[in-house]
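First the structure, in the form of structure tokens, and then the observations on it.
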Amino acid sequence: QVQLVESGGGLVQPGGSLRLSCAASGRALFYSIMAWYRQAPGKQRELVASVTNFYRTDYADSAKGRFTISRDSDKNTVSLQMNSLNPEDTGIYYCNAVFNGENYWGQGIQVTVSS
């Protein structure tokens, strides 16, 4: 059984920063990709940032220059440093990990950017 547990969400003012973290527990798997997705109210879930097992990163256009994804493959953790947050970043953020083509998801964590 694989569990992904997110932490670090909350309420932040526009222009502020948050750091999300995700830890994978259970079966010791080597994930080819670890990523963060976001689901804003009334919208579909979308990819925010991803990092491969070769540490290649990819970002949504809205995240480029503001967000930084990082992973520790030894500890099976992935983090998302989010700076210069704006209200459009509000949503539920989901941790994702891929192993052998199978997707694993965290339960999600709320991020609200509001004054």
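Identifiers in the structure tokens: chain A, B, ... in order shown; residue index from 1 per chain; ligand index from 1 in order shown.
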Exercise for review: Using only C-alpha atoms, determine which residues lie at most 9 Å from A:Gln3, disregarding the query and same-chain residues fewer than 2 positions distant; provide the list as JSON, numbers by chain.
Suggested key: {"A": [1, 5, 23, 24, 25, 26, 27, 104, 105, 106]}
Point to revise | Contact residues around A:Ser17 with only C-alpha atoms at 8 Å, ignoring same-chain residues under 6 positions, as a list in words | key: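 Using only C-alpha atoms, the neighbours found are Gln81, Met82, Asn83, Ser84 and Leu85 of chain A.
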Long-range neighbours of A:Asp61 as an mmCIF file with N, CA, C and O atoms, in the first residue's frame, 12 Å cut-off, only C-alpha atoms, 2 positions minimum in chain:
```cif
data_model
loop_
_atom_site.group_PDB
_atom_site.id
_atom_site.type_symbol
_atom_site.label_atom_id
_atom_site.label_comp_id
_atom_site.auth_asym_id
_atom_site.auth_seq_id
_atom_site.Cartn_x
_atom_site.Cartn_y
_atom_site.Cartn_z
ATOM 1 N N GLU A 46 -4.973 20.217 -12.927
ATOM 2 C CA GLU A 46 -3.931 20.521 -13.907
ATOM 3 C C GLU A 46 -2.555 20.327 -13.297
ATOM 4 O O GLU A 46 -2.355 20.487 -12.079
ATOM 5 N N LEU A 47 -1.606 20.003 -14.159
ATOM 6 C CA LEU A 47 -0.228 19.831 -13.706
ATOM 7 C C LEU A 47 0.381 21.190 -13.374
ATOM 8 O O LEU A 47 0.283 22.125 -14.165
ATOM 9 N N VAL A 48 1.028 21.278 -12.235
ATOM 10 C CA VAL A 48 1.728 22.495 -11.837
ATOM 11 C C VAL A 48 3.222 22.342 -12.097
ATOM 12 O O VAL A 48 3.850 23.214 -12.700
ATOM 13 N N ALA A 49 3.781 21.226 -11.641
ATOM 14 C CA ALA A 49 5.217 20.996 -11.816
ATOM 15 C C ALA A 49 5.512 19.520 -11.640
ATOM 16 O O ALA A 49 4.797 18.826 -10.912
ATOM 17 N N ASP A 58 9.686 20.192 -15.038
ATOM 18 C CA ASP A 58 8.779 20.787 -16.003
ATOM 19 C C ASP A 58 7.745 21.579 -15.216
ATOM 20 O O ASP A 58 7.309 21.146 -14.148
ATOM 21 N N TYR A 59 7.354 22.727 -15.764
ATOM 22 C CA TYR A 59 6.426 23.611 -15.060
ATOM 23 C C TYR A 59 5.318 24.072 -15.973
ATOM 24 O O TYR A 59 5.530 24.289 -17.174
ATOM 25 N N ALA A 63 3.403 28.710 -13.509
ATOM 26 C CA ALA A 63 4.293 28.459 -12.379
ATOM 27 C C ALA A 63 5.752 28.847 -12.655
ATOM 28 O O ALA A 63 6.537 29.025 -11.716
ATOM 29 N N LYS A 64 6.071 28.985 -13.913
ATOM 30 C CA LYS A 64 7.467 29.269 -14.279
ATOM 31 C C LYS A 64 7.953 30.572 -13.657
ATOM 32 O O LYS A 64 7.271 31.593 -13.715
ATOM 33 N N GLY A 65 9.134 30.524 -13.069
ATOM 34 C CA GLY A 65 9.723 31.708 -12.461
ATOM 35 C C GLY A 65 9.261 31.982 -11.050
ATOM 36 O O GLY A 65 9.825 32.837 -10.365
ATOM 37 N N ARG A 66 8.210 31.281 -10.611
ATOM 38 C CA ARG A 66 7.685 31.515 -9.259
ATOM 39 C C ARG A 66 7.776 30.279 -8.381
ATOM 40 O O ARG A 66 7.945 30.383 -7.163
ATOM 41 N N PHE A 67 7.597 29.111 -8.987
ATOM 42 C CA PHE A 67 7.570 27.856 -8.235
ATOM 43 C C PHE A 67 8.828 27.048 -8.527
ATOM 44 O O PHE A 67 9.364 27.100 -9.641
#
```
Exercise for review: Write down as a ChimeraX atom specification the residues belonging to chain A that are assigned strand (DSSP E or B) by DSSP computed on the backbone.
Suggested key: /A:2-7,10-12,18-26,33-39,46-52,57-59,67-72,77-82,91-99,102-105,109-113
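Distances to A:Thr112 were evaluated for A:Ser73, A:Asn100, A:Asn86, A:Asn53 using only C-alpha atoms, and the minimum falls at A:Asn86.
With distances taken over only C-alpha atoms, A:Leu29 is the one residue among A:Leu29, A:Gln13, A:Ser50, A:Leu20 lying closest to A:Glu102.
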